Amino acid sequence: MQTEHERGAAPAPPPRGRRGRRTVLVASALIVVAAVAVVGALGLGGDGAEGGSAAPPRSGSTVPVTRATLTERTTVDGQLGYGTEIPLPVKSTGTVTWLPAEGRTVERGGTLLRVDDRPVVLLYGTLPMYRDLGLTTGTQQGTRQDAGTEQDARGTGDQGRTDDTSGAPAPSGSPTPGGAGAGAGGTEGTLRGMDVLQFESNLAALGYTGFTVDEKFTDLTARAVKRWQASLGLPRTGTVGVGDVVYSAGKVRIGHAGARLGSAVTEDVLTYTGTSRKVVVNASAAEDSWAVRGAAVTIGLPDGTSVKGEVASVGKKATAPEEGGGDGGSEAPTVPVTITIKDQKAVGRLESAPVTVEYVGRERADVLTVPVAALVALAEGGHGLETADGRFVAVRTGLFADGRVEVSGSAVREGMKVRIPE
């Protein structure tokens, strides 16, 4: 009996694995060829030196190499508001009987708060109130600048003396009120000083005139003070106590209260800010070279508009960021930078909002530039440009700004056409 082999049966087909390997080898060869073709078309590899290498031109627009000034602009976050609140220098002693609402604006002659139901009035000036102001008879408690002869420092007592118009007891420790008829209490003197000039300037600005605005507190000044005191509902003593007024450079915006009604006056009884909106930036202490007083910046508002600003002050103390804040990364210490806004109307009604602040950093003048999109990566490393005829030239890059980049190299010249790859 014949076996299948002896009967001439057809040989078995080759294993399928060999055909599969053959197919993979052919496909790999095609990929290598395609890769070589791509490299040749891009002009990569080979001689990629300054002179470049030739390759068939590719599609894409061409632009000239231009000479210009590049300016680096950086944007940081800021907070729009009225600035840092500071305590009012209130020197009254007693019980707080009235406080203004937070956010209220107080102008010259306005009441800041009431202590023992007496108003503490805002006046404008830079010299703080440091003594009582009034007429003197024989002695002046505190600093006395007297053009007359030296007076007896023992002074006269004020036990039992009363106001010359209202009959109310005069405040203890205040200069004896007087006038043309000071009486037998001693020789009348004249209080002098820059604080007198500052106070008289405010008194006249409020409409209480009839005296000469100078450095002398005279009987005519005292008469104007009495009229002012009558308008405030105060006893007409003609004397201004050290706690009766508070000076500031201009009108103020009331901040938060540090005391409650019925509590004693403290150093932080009331805080205030200016009335102009400004921006505060917590700038990195390591990168605050832009923050120079007078430097111009651009402030981006939440509605997409922008206003001009100017650096007004830079903090001198760096503060470490609070633990647990930010995105978990290590943050550098910061310094507060205050930026003023000249055109307050341009801010609209915004009183508080997150904003952006754009400032000018580095600047490179009169350099060769191209659009950043014109840069290509060279196979041998670094960057290059493709010329209009398909050559690739190596370049050195400098400052990147406003979508352009500074380029230099022996094969780069002004006006040279380079291609922007599609």
# chains A, B, ... in the order shown; residues from 1 in each chain; ligands from 1
>>> closest_atom_pairs(of="stretch 80-140 of chain A", to="stretch 228-232 of chain A", cutoff="10 Å", atoms="only C-alpha atoms", output="Markdown table")
| residue | atom | partner | partner_atom | distance |
| --- | --- | --- | --- | --- |
| A:Gly109 | CA | A:Leu232 | CA | 9.7 |
| A:Gly110 | CA | A:Leu232 | CA | 10.0 |
| A:Thr111 | CA | A:Leu232 | CA | 9.4 |
| A:Arg118 | CA | A:Leu232 | CA | 8.7 |
| A:Pro119 | CA | A:Leu232 | CA | 7.5 |
| A:Val121 | CA | A:Leu232 | CA | 9.4 |
>>> residues_around(residues="A:Glu358", least_positions_apart="6", cutoff="9 Å", atoms="only C-alpha atoms", output="PDB file with N, CA, C and O atoms, in the first residue's frame")
ATOM      1  N   ARG A  73       8.046  92.884  27.307  1.00  0.00           N
ATOM      2  CA  ARG A  73       6.983  93.323  28.204  1.00  0.00           C
ATOM      3  C   ARG A  73       6.531  92.141  29.055  1.00  0.00           C
ATOM      4  O   ARG A  73       6.309  91.046  28.544  1.00  0.00           O
ATOM      5  N   THR A  74       6.410  92.397  30.336  1.00  0.00           N
ATOM      6  CA  THR A  74       6.030  91.344  31.272  1.00  0.00           C
ATOM      7  C   THR A  74       4.756  91.741  31.998  1.00  0.00           C
ATOM      8  O   THR A  74       4.580  92.908  32.355  1.00  0.00           O
ATOM      9  N   THR A  75       3.885  90.791  32.235  1.00  0.00           N
ATOM     10  CA  THR A  75       2.617  91.050  32.920  1.00  0.00           C
ATOM     11  C   THR A  75       2.595  90.341  34.271  1.00  0.00           C
ATOM     12  O   THR A  75       2.952  89.169  34.375  1.00  0.00           O
ATOM     13  N   VAL A  76       2.197  91.090  35.296  1.00  0.00           N
ATOM     14  CA  VAL A  76       2.070  90.535  36.638  1.00  0.00           C
ATOM     15  C   VAL A  76       0.670  90.860  37.172  1.00  0.00           C
ATOM     16  O   VAL A  76      -0.023  91.735  36.655  1.00  0.00           O
ATOM     17  N   ASP A  77       0.265  90.147  38.202  1.00  0.00           N
ATOM     18  CA  ASP A  77      -1.052  90.360  38.800  1.00  0.00           C
ATOM     19  C   ASP A  77      -0.993  91.467  39.845  1.00  0.00           C
ATOM     20  O   ASP A  77       0.000  91.626  40.559  1.00  0.00           O
ATOM     21  N   VAL A 297       3.584 102.171  33.560  1.00  0.00           N
ATOM     22  CA  VAL A 297       3.064 100.819  33.375  1.00  0.00           C
ATOM     23  C   VAL A 297       1.684 100.926  32.742  1.00  0.00           C
ATOM     24  O   VAL A 297       1.083 101.997  32.681  1.00  0.00           O
ATOM     25  N   THR A 298       1.168  99.797  32.282  1.00  0.00           N
ATOM     26  CA  THR A 298      -0.178  99.722  31.734  1.00  0.00           C
ATOM     27  C   THR A 298      -0.997  98.769  32.587  1.00  0.00           C
ATOM     28  O   THR A 298      -0.576  97.639  32.852  1.00  0.00           O
ATOM     29  N   ILE A 299      -2.175  99.212  33.009  1.00  0.00           N
ATOM     30  CA  ILE A 299      -3.027  98.425  33.897  1.00  0.00           C
ATOM     31  C   ILE A 299      -4.191  97.862  33.097  1.00  0.00           C
ATOM     32  O   ILE A 299      -4.947  98.605  32.459  1.00  0.00           O
ATOM     33  N   GLY A 300      -4.333  96.541  33.095  1.00  0.00           N
ATOM     34  CA  GLY A 300      -5.433  95.877  32.411  1.00  0.00           C
ATOM     35  C   GLY A 300      -6.597  95.656  33.354  1.00  0.00           C
ATOM     36  O   GLY A 300      -6.457  95.005  34.388  1.00  0.00           O
TER      37      GLY A 300
END
>>> residues_around(residues="A:Val292", least_positions_apart="5", cutoff="10 Å", atoms="only C-alpha atoms", output="ChimeraX atom specification")
/A:310-314,337
>>> closest_residue(among="A:Leu133, A:Ala394, A:Val307, A:Val106", to="A:Gly382", atoms="only C-alpha atoms")
A:Ala394
>>> closest_residue(among="A:Val370, A:Asp402, A:Thr356, A:Glu380", to="A:Val65", atoms="only C-alpha atoms")
A:Val370
>>> atom_distance(atom1="atom CA of A:Arg260", atom2="atom CA of A:Thr84")
21.5 Å
>>> atom_distance(atom1="atom CA of A:Glu351", atom2="atom CA of A:Val246")
25.6 Å
>>> atom_distance(atom1="atom CA of A:Pro354", atom2="atom CA of A:Gly83")
13.4 Å
>>> residues_around(residues="stretch 98-101 of chain A", least_positions_apart="2", cutoff="7 Å", atoms="only C-alpha atoms", output="VMD selection string")
chain A and resid 96 103 to 104 112 to 114 261
>>> residues_around(residues="A:Leu220", least_positions_apart="5", cutoff="9 Å", atoms="only C-alpha atoms", output="VMD selection string")
chain A and resid 179 209 to 212 225
>>> write_last_selection(atoms="N, CA and C atoms", output="PDB file, in the first residue's frame")
ATOM      1  N   GLY A 179      -7.977 137.839  75.258  1.00  0.00           N
ATOM      2  CA  GLY A 179      -8.176 138.739  74.148  1.00  0.00           C
ATOM      3  C   GLY A 179      -7.648 140.091  74.530  1.00  0.00           C
ATOM      4  N   THR A 209     -12.803 134.084  58.611  1.00  0.00           N
ATOM      5  CA  THR A 209     -11.735 135.039  58.321  1.00  0.00           C
ATOM      6  C   THR A 209     -11.766 136.189  59.327  1.00  0.00           C
ATOM      7  N   GLY A 210     -11.133 137.291  58.960  1.00  0.00           N
ATOM      8  CA  GLY A 210     -11.075 138.446  59.852  1.00  0.00           C
ATOM      9  C   GLY A 210      -9.745 138.548  60.577  1.00  0.00           C
ATOM     10  N   PHE A 211      -8.772 137.772  60.182  1.00  0.00           N
ATOM     11  CA  PHE A 211      -7.443 137.799  60.786  1.00  0.00           C
ATOM     12  C   PHE A 211      -6.401 137.640  59.682  1.00  0.00           C
ATOM     13  N   THR A 212      -5.156 137.865  60.008  1.00  0.00           N
ATOM     14  CA  THR A 212      -4.059 137.697  59.054  1.00  0.00           C
ATOM     15  C   THR A 212      -3.524 136.279  59.163  1.00  0.00           C
ATOM     16  N   VAL A 225     -11.884 131.451  65.769  1.00  0.00           N
ATOM     17  CA  VAL A 225     -11.997 130.111  66.342  1.00  0.00           C
ATOM     18  C   VAL A 225     -13.322 129.966  67.079  1.00  0.00           C
TER      19      VAL A 225
END
>>> closest_residue(among="A:Gly250, A:Pro89, A:Gly78, A:Pro336", to="A:Ser284", atoms="only C-alpha atoms")
A:Pro336
>>> residues_around(residues="stretch 270-272 of chain A", least_positions_apart="2", cutoff="8 Å", atoms="only C-alpha atoms", output="ChimeraX atom specification")
/A:85-88,252-259,268,274
>>> write_last_selection(atoms="C-alpha atoms", output="tab-separated table (two decimals), in the first residue's frame")
chain	number	residue	atom	x	y	z
A	85	GLU	CA	-5.20	101.43	55.36
A	86	ILE	CA	-3.33	103.33	58.07
A	87	PRO	CA	-4.50	104.48	61.53
A	88	LEU	CA	-5.74	108.04	61.96
A	252	VAL	CA	-9.71	110.75	53.28
A	253	ARG	CA	-11.72	107.58	52.80
A	254	ILE	CA	-12.71	105.89	56.05
A	255	GLY	CA	-11.46	102.34	56.52
A	256	HIS	CA	-12.38	99.89	59.23
A	257	ALA	CA	-12.89	100.80	62.88
A	258	GLY	CA	-10.61	99.36	65.52
A	259	ALA	CA	-12.93	100.27	68.40
A	268	ASP	CA	-6.11	102.23	65.92
A	274	GLY	CA	-6.68	108.30	50.24
>>> residues_around(residues="A:Leu80", least_positions_apart="4", cutoff="7 Å", atoms="only C-alpha atoms", output="PyMOL selection string")
chain A and resi 277-280+351-355
>>> write_last_selection(atoms="all heavy atoms", output="PDB file, in the first residue's frame")
ATOM      1  N   ARG A 277      -8.138 105.754  43.610  1.00  0.00           N
ATOM      2  CA  ARG A 277      -7.885 104.327  43.438  1.00  0.00           C
ATOM      3  C   ARG A 277      -6.488 104.098  42.894  1.00  0.00           C
ATOM      4  O   ARG A 277      -5.970 104.888  42.102  1.00  0.00           O
ATOM      5  CB  ARG A 277      -8.939 103.728  42.495  1.00  0.00           C
ATOM      6  CG  ARG A 277     -10.296 103.559  43.145  1.00  0.00           C
ATOM      7  CD  ARG A 277     -11.399 103.455  42.143  1.00  0.00           C
ATOM      8  NE  ARG A 277     -11.577 104.713  41.411  1.00  0.00           N
ATOM      9  CZ  ARG A 277     -12.516 104.902  40.493  1.00  0.00           C
ATOM     10  NH1 ARG A 277     -13.344 103.927  40.191  1.00  0.00           N
ATOM     11  NH2 ARG A 277     -12.618 106.063  39.874  1.00  0.00           N
ATOM     12  N   LYS A 278      -5.899 103.045  43.344  1.00  0.00           N
ATOM     13  CA  LYS A 278      -4.538 102.700  42.950  1.00  0.00           C
ATOM     14  C   LYS A 278      -4.420 101.186  42.886  1.00  0.00           C
ATOM     15  O   LYS A 278      -5.345 100.454  43.242  1.00  0.00           O
ATOM     16  CB  LYS A 278      -3.536 103.295  43.930  1.00  0.00           C
ATOM     17  CG  LYS A 278      -3.753 102.884  45.366  1.00  0.00           C
ATOM     18  CD  LYS A 278      -2.932 103.740  46.331  1.00  0.00           C
ATOM     19  CE  LYS A 278      -3.418 105.174  46.346  1.00  0.00           C
ATOM     20  NZ  LYS A 278      -2.685 105.982  47.357  1.00  0.00           N
ATOM     21  N   VAL A 279      -3.268 100.723  42.450  1.00  0.00           N
ATOM     22  CA  VAL A 279      -3.038  99.284  42.316  1.00  0.00           C
ATOM     23  C   VAL A 279      -1.822  98.906  43.160  1.00  0.00           C
ATOM     24  O   VAL A 279      -0.813  99.625  43.175  1.00  0.00           O
ATOM     25  CB  VAL A 279      -2.798  98.893  40.840  1.00  0.00           C
ATOM     26  CG1 VAL A 279      -2.364  97.431  40.731  1.00  0.00           C
ATOM     27  CG2 VAL A 279      -4.066  99.130  40.019  1.00  0.00           C
ATOM     28  N   VAL A 280      -1.929  97.803  43.848  1.00  0.00           N
ATOM     29  CA  VAL A 280      -0.809  97.270  44.629  1.00  0.00           C
ATOM     30  C   VAL A 280      -0.400  95.929  44.025  1.00  0.00           C
ATOM     31  O   VAL A 280      -1.241  95.044  43.822  1.00  0.00           O
ATOM     32  CB  VAL A 280      -1.177  97.104  46.111  1.00  0.00           C
ATOM     33  CG1 VAL A 280      -0.025  96.443  46.870  1.00  0.00           C
ATOM     34  CG2 VAL A 280      -1.509  98.454  46.732  1.00  0.00           C
ATOM     35  N   GLU A 351     -14.173  99.746  42.500  1.00  0.00           N
ATOM     36  CA  GLU A 351     -13.469 100.128  43.726  1.00  0.00           C
ATOM     37  C   GLU A 351     -12.461  99.071  44.148  1.00  0.00           C
ATOM     38  O   GLU A 351     -11.466  99.380  44.795  1.00  0.00           O
ATOM     39  CB  GLU A 351     -14.469 100.381  44.862  1.00  0.00           C
ATOM     40  CG  GLU A 351     -15.346 101.596  44.637  1.00  0.00           C
ATOM     41  CD  GLU A 351     -16.146 101.967  45.870  1.00  0.00           C
ATOM     42  OE1 GLU A 351     -16.138 101.176  46.843  1.00  0.00           O
ATOM     43  OE2 GLU A 351     -16.760 103.041  45.865  1.00  0.00           O
ATOM     44  N   SER A 352     -12.725  97.831  43.762  1.00  0.00           N
ATOM     45  CA  SER A 352     -11.814  96.741  44.113  1.00  0.00           C
ATOM     46  C   SER A 352     -11.950  95.648  43.061  1.00  0.00           C
ATOM     47  O   SER A 352     -13.072  95.244  42.725  1.00  0.00           O
ATOM     48  CB  SER A 352     -12.138  96.185  45.503  1.00  0.00           C
ATOM     49  OG  SER A 352     -11.302  95.102  45.827  1.00  0.00           O
ATOM     50  N   ALA A 353     -10.809  95.178  42.526  1.00  0.00           N
ATOM     51  CA  ALA A 353     -10.846  94.137  41.503  1.00  0.00           C
ATOM     52  C   ALA A 353      -9.434  93.640  41.232  1.00  0.00           C
ATOM     53  O   ALA A 353      -8.462  94.386  41.380  1.00  0.00           O
ATOM     54  CB  ALA A 353     -11.457  94.673  40.201  1.00  0.00           C
ATOM     55  N   PRO A 354      -9.299  92.372  40.817  1.00  0.00           N
ATOM     56  CA  PRO A 354      -7.990  91.886  40.367  1.00  0.00           C
ATOM     57  C   PRO A 354      -7.682  92.477  38.990  1.00  0.00           C
ATOM     58  O   PRO A 354      -8.557  92.530  38.118  1.00  0.00           O
ATOM     59  CB  PRO A 354      -8.177  90.368  40.303  1.00  0.00           C
ATOM     60  CG  PRO A 354      -9.653  90.182  40.095  1.00  0.00           C
ATOM     61  CD  PRO A 354     -10.321  91.315  40.811  1.00  0.00           C
ATOM     62  N   VAL A 355      -6.470  92.921  38.780  1.00  0.00           N
ATOM     63  CA  VAL A 355      -6.056  93.531  37.517  1.00  0.00           C
ATOM     64  C   VAL A 355      -4.700  92.964  37.114  1.00  0.00           C
ATOM     65  O   VAL A 355      -4.056  92.243  37.879  1.00  0.00           O
ATOM     66  CB  VAL A 355      -5.971  95.068  37.622  1.00  0.00           C
ATOM     67  CG1 VAL A 355      -7.337  95.669  37.910  1.00  0.00           C
ATOM     68  CG2 VAL A 355      -4.970  95.478  38.706  1.00  0.00           C
TER      69      VAL A 355
END
>>> select_by_dssp(residues="stretch 173-305 of chain A", states="alpha helix (DSSP H)", output="list in words")
Met194, Asp195, Val196, Leu197, Gln198, Phe199, Glu200, Ser201, Asn202, Leu203, Ala204, Ala205, Asp219, Leu220, Thr221, Ala222, Arg223, Ala224, Val225, Lys226, Arg227, Trp228, Gln229, Ala230 and Ser231 of chain A
>>> select_by_dssp(residues="stretch 179-268 of chain A", states="strand (DSSP E or B)", output="list of chain:residue names")
A:Glu188, A:Gly189, A:Leu191, A:Arg192, A:Lys216, A:Phe217, A:Val240, A:Val245, A:Val246, A:Tyr247, A:Ser248, A:Val252, A:Arg253, A:Ile254, A:Gly255, A:His256, A:Ala257, A:Ala264
>>> write_last_selection(atoms="all heavy atoms", output="CSV table (one decimal), in the first residue's frame")
chain,number,residue,atom,x,y,z
A,188,GLU,N,-0.1,139.4,78.6
A,188,GLU,CA,-0.6,138.6,77.4
A,188,GLU,C,0.6,138.3,76.4
A,188,GLU,O,1.3,139.3,76.1
A,188,GLU,CB,-1.7,139.3,76.7
A,188,GLU,CG,-2.3,138.5,75.5
A,188,GLU,CD,-3.4,139.3,74.8
A,188,GLU,OE1,-4.1,140.1,75.5
A,188,GLU,OE2,-3.6,139.1,73.6
A,189,GLY,N,0.7,137.1,76.0
A,189,GLY,CA,1.8,136.7,75.0
A,189,GLY,C,1.1,136.3,73.7
A,189,GLY,O,-0.1,136.2,73.6
A,191,LEU,N,1.3,133.3,70.7
A,191,LEU,CA,1.8,132.0,70.3
A,191,LEU,C,2.2,132.0,68.8
A,191,LEU,O,1.4,132.5,68.0
A,191,LEU,CB,0.7,130.9,70.5
A,191,LEU,CG,1.1,129.5,70.4
A,191,LEU,CD1,2.0,129.1,71.5
A,191,LEU,CD2,-0.2,128.6,70.4
A,192,ARG,N,3.4,131.5,68.5
A,192,ARG,CA,3.9,131.5,67.2
A,192,ARG,C,4.3,130.2,66.7
A,192,ARG,O,4.7,129.3,67.6
A,192,ARG,CB,5.1,132.5,67.1
A,192,ARG,CG,4.8,133.9,67.5
A,192,ARG,CD,6.1,134.7,67.5
A,192,ARG,NE,5.9,136.1,68.0
A,192,ARG,CZ,5.7,137.1,67.2
A,192,ARG,NH1,5.7,136.9,65.9
A,192,ARG,NH2,5.5,138.3,67.6
A,216,LYS,N,1.3,133.8,63.8
A,216,LYS,CA,0.9,134.3,65.1
A,216,LYS,C,-0.5,134.1,65.4
A,216,LYS,O,-1.4,134.4,64.5
A,216,LYS,CB,1.2,135.8,65.1
A,216,LYS,CG,2.7,136.2,65.0
A,216,LYS,CD,2.9,137.7,65.1
A,216,LYS,CE,2.3,138.4,63.8
A,216,LYS,NZ,2.7,139.8,63.9
A,217,PHE,N,-0.8,133.5,66.6
A,217,PHE,CA,-2.2,133.3,67.0
A,217,PHE,C,-2.6,134.5,67.8
A,217,PHE,O,-2.1,134.7,69.0
A,217,PHE,CB,-2.3,132.0,67.9
A,217,PHE,CG,-3.7,131.6,68.1
A,217,PHE,CD1,-4.1,130.4,67.4
A,217,PHE,CD2,-4.5,132.2,69.0
A,217,PHE,CE1,-5.4,129.9,67.6
A,217,PHE,CE2,-5.8,131.8,69.2
A,217,PHE,CZ,-6.3,130.6,68.5
A,240,VAL,N,-8.0,125.8,70.7
A,240,VAL,CA,-8.1,124.5,69.9
A,240,VAL,C,-7.2,123.5,70.7
A,240,VAL,O,-6.0,123.6,70.8
A,240,VAL,CB,-7.6,124.6,68.5
A,240,VAL,CG1,-7.8,123.3,67.7
A,240,VAL,CG2,-8.3,125.8,67.8
A,245,VAL,N,-8.5,118.2,66.5
A,245,VAL,CA,-8.3,118.1,65.0
A,245,VAL,C,-7.3,117.1,64.7
A,245,VAL,O,-6.5,116.7,65.5
A,245,VAL,CB,-7.9,119.5,64.4
A,245,VAL,CG1,-8.9,120.6,64.7
A,245,VAL,CG2,-6.5,119.9,64.8
A,246,VAL,N,-7.4,116.5,63.4
A,246,VAL,CA,-6.5,115.6,62.9
A,246,VAL,C,-6.1,116.1,61.5
A,246,VAL,O,-7.0,116.5,60.7
A,246,VAL,CB,-7.1,114.2,62.7
A,246,VAL,CG1,-6.1,113.3,61.9
A,246,VAL,CG2,-7.3,113.6,64.1
A,247,TYR,N,-4.8,116.2,61.2
A,247,TYR,CA,-4.4,116.6,59.9
A,247,TYR,C,-4.1,115.5,58.9
A,247,TYR,O,-3.5,114.5,59.3
A,247,TYR,CB,-3.1,117.5,60.0
A,247,TYR,CG,-3.3,118.8,60.6
A,247,TYR,CD1,-3.0,119.1,61.9
A,247,TYR,CD2,-3.8,119.9,59.8
A,247,TYR,CE1,-3.2,120.4,62.5
A,247,TYR,CE2,-4.0,121.1,60.4
A,247,TYR,CZ,-3.7,121.4,61.7
A,247,TYR,OH,-3.9,122.6,62.2
A,248,SER,N,-4.4,115.7,57.6
A,248,SER,CA,-4.0,114.8,56.6
A,248,SER,C,-3.7,115.6,55.3
A,248,SER,O,-4.0,116.8,55.3
A,248,SER,CB,-5.1,113.8,56.2
A,248,SER,OG,-6.1,114.4,55.5
A,252,VAL,N,-10.0,112.1,53.0
A,252,VAL,CA,-9.7,110.7,53.3
A,252,VAL,C,-10.9,109.9,53.1
A,252,VAL,O,-12.1,110.4,53.1
A,252,VAL,CB,-9.2,110.6,54.7
A,252,VAL,CG1,-8.0,111.4,55.0
A,252,VAL,CG2,-10.3,111.0,55.7
A,253,ARG,N,-10.7,108.6,52.9
A,253,ARG,CA,-11.7,107.6,52.8
A,253,ARG,C,-11.6,106.7,54.0
A,253,ARG,O,-10.6,106.1,54.3
A,253,ARG,CB,-11.6,106.7,51.5
A,253,ARG,CG,-12.6,105.7,51.3
A,253,ARG,CD,-12.4,105.0,50.0
A,253,ARG,NE,-13.4,104.0,49.7
A,253,ARG,CZ,-13.5,102.8,50.1
A,253,ARG,NH1,-12.5,102.3,50.9
A,253,ARG,NH2,-14.5,102.0,49.8
A,254,ILE,N,-12.7,106.6,54.8
A,254,ILE,CA,-12.7,105.9,56.0
A,254,ILE,C,-12.6,104.4,55.8
A,254,ILE,O,-13.2,103.8,54.9
A,254,ILE,CB,-14.0,106.2,56.8
A,254,ILE,CG1,-14.1,107.7,57.1
A,254,ILE,CG2,-14.0,105.4,58.1
A,254,ILE,CD1,-13.0,108.2,58.0
A,255,GLY,N,-11.7,103.8,56.6
A,255,GLY,CA,-11.5,102.3,56.5
A,255,GLY,C,-12.2,101.7,57.6
A,255,GLY,O,-13.4,102.1,58.0
A,256,HIS,N,-11.7,100.6,58.2
A,256,HIS,CA,-12.4,99.9,59.2
A,256,HIS,C,-12.1,100.5,60.6
A,256,HIS,O,-11.1,101.2,60.8
A,256,HIS,CB,-12.0,98.4,59.2
A,256,HIS,CG,-10.6,98.2,59.8
A,256,HIS,ND1,-9.5,98.3,59.0
A,256,HIS,CD2,-10.2,97.9,61.0
A,256,HIS,CE1,-8.4,98.1,59.8
A,256,HIS,NE2,-8.8,97.8,61.0
A,257,ALA,N,-13.0,100.3,61.5
A,257,ALA,CA,-12.9,100.8,62.9
A,257,ALA,C,-12.2,99.8,63.8
A,257,ALA,O,-12.5,98.6,63.7
A,257,ALA,CB,-14.3,101.2,63.4
A,264,ALA,N,-13.0,102.8,74.9
A,264,ALA,CA,-12.0,103.9,75.0
A,264,ALA,C,-11.3,104.1,73.7
A,264,ALA,O,-11.1,103.2,72.9
A,264,ALA,CB,-11.1,103.7,76.1
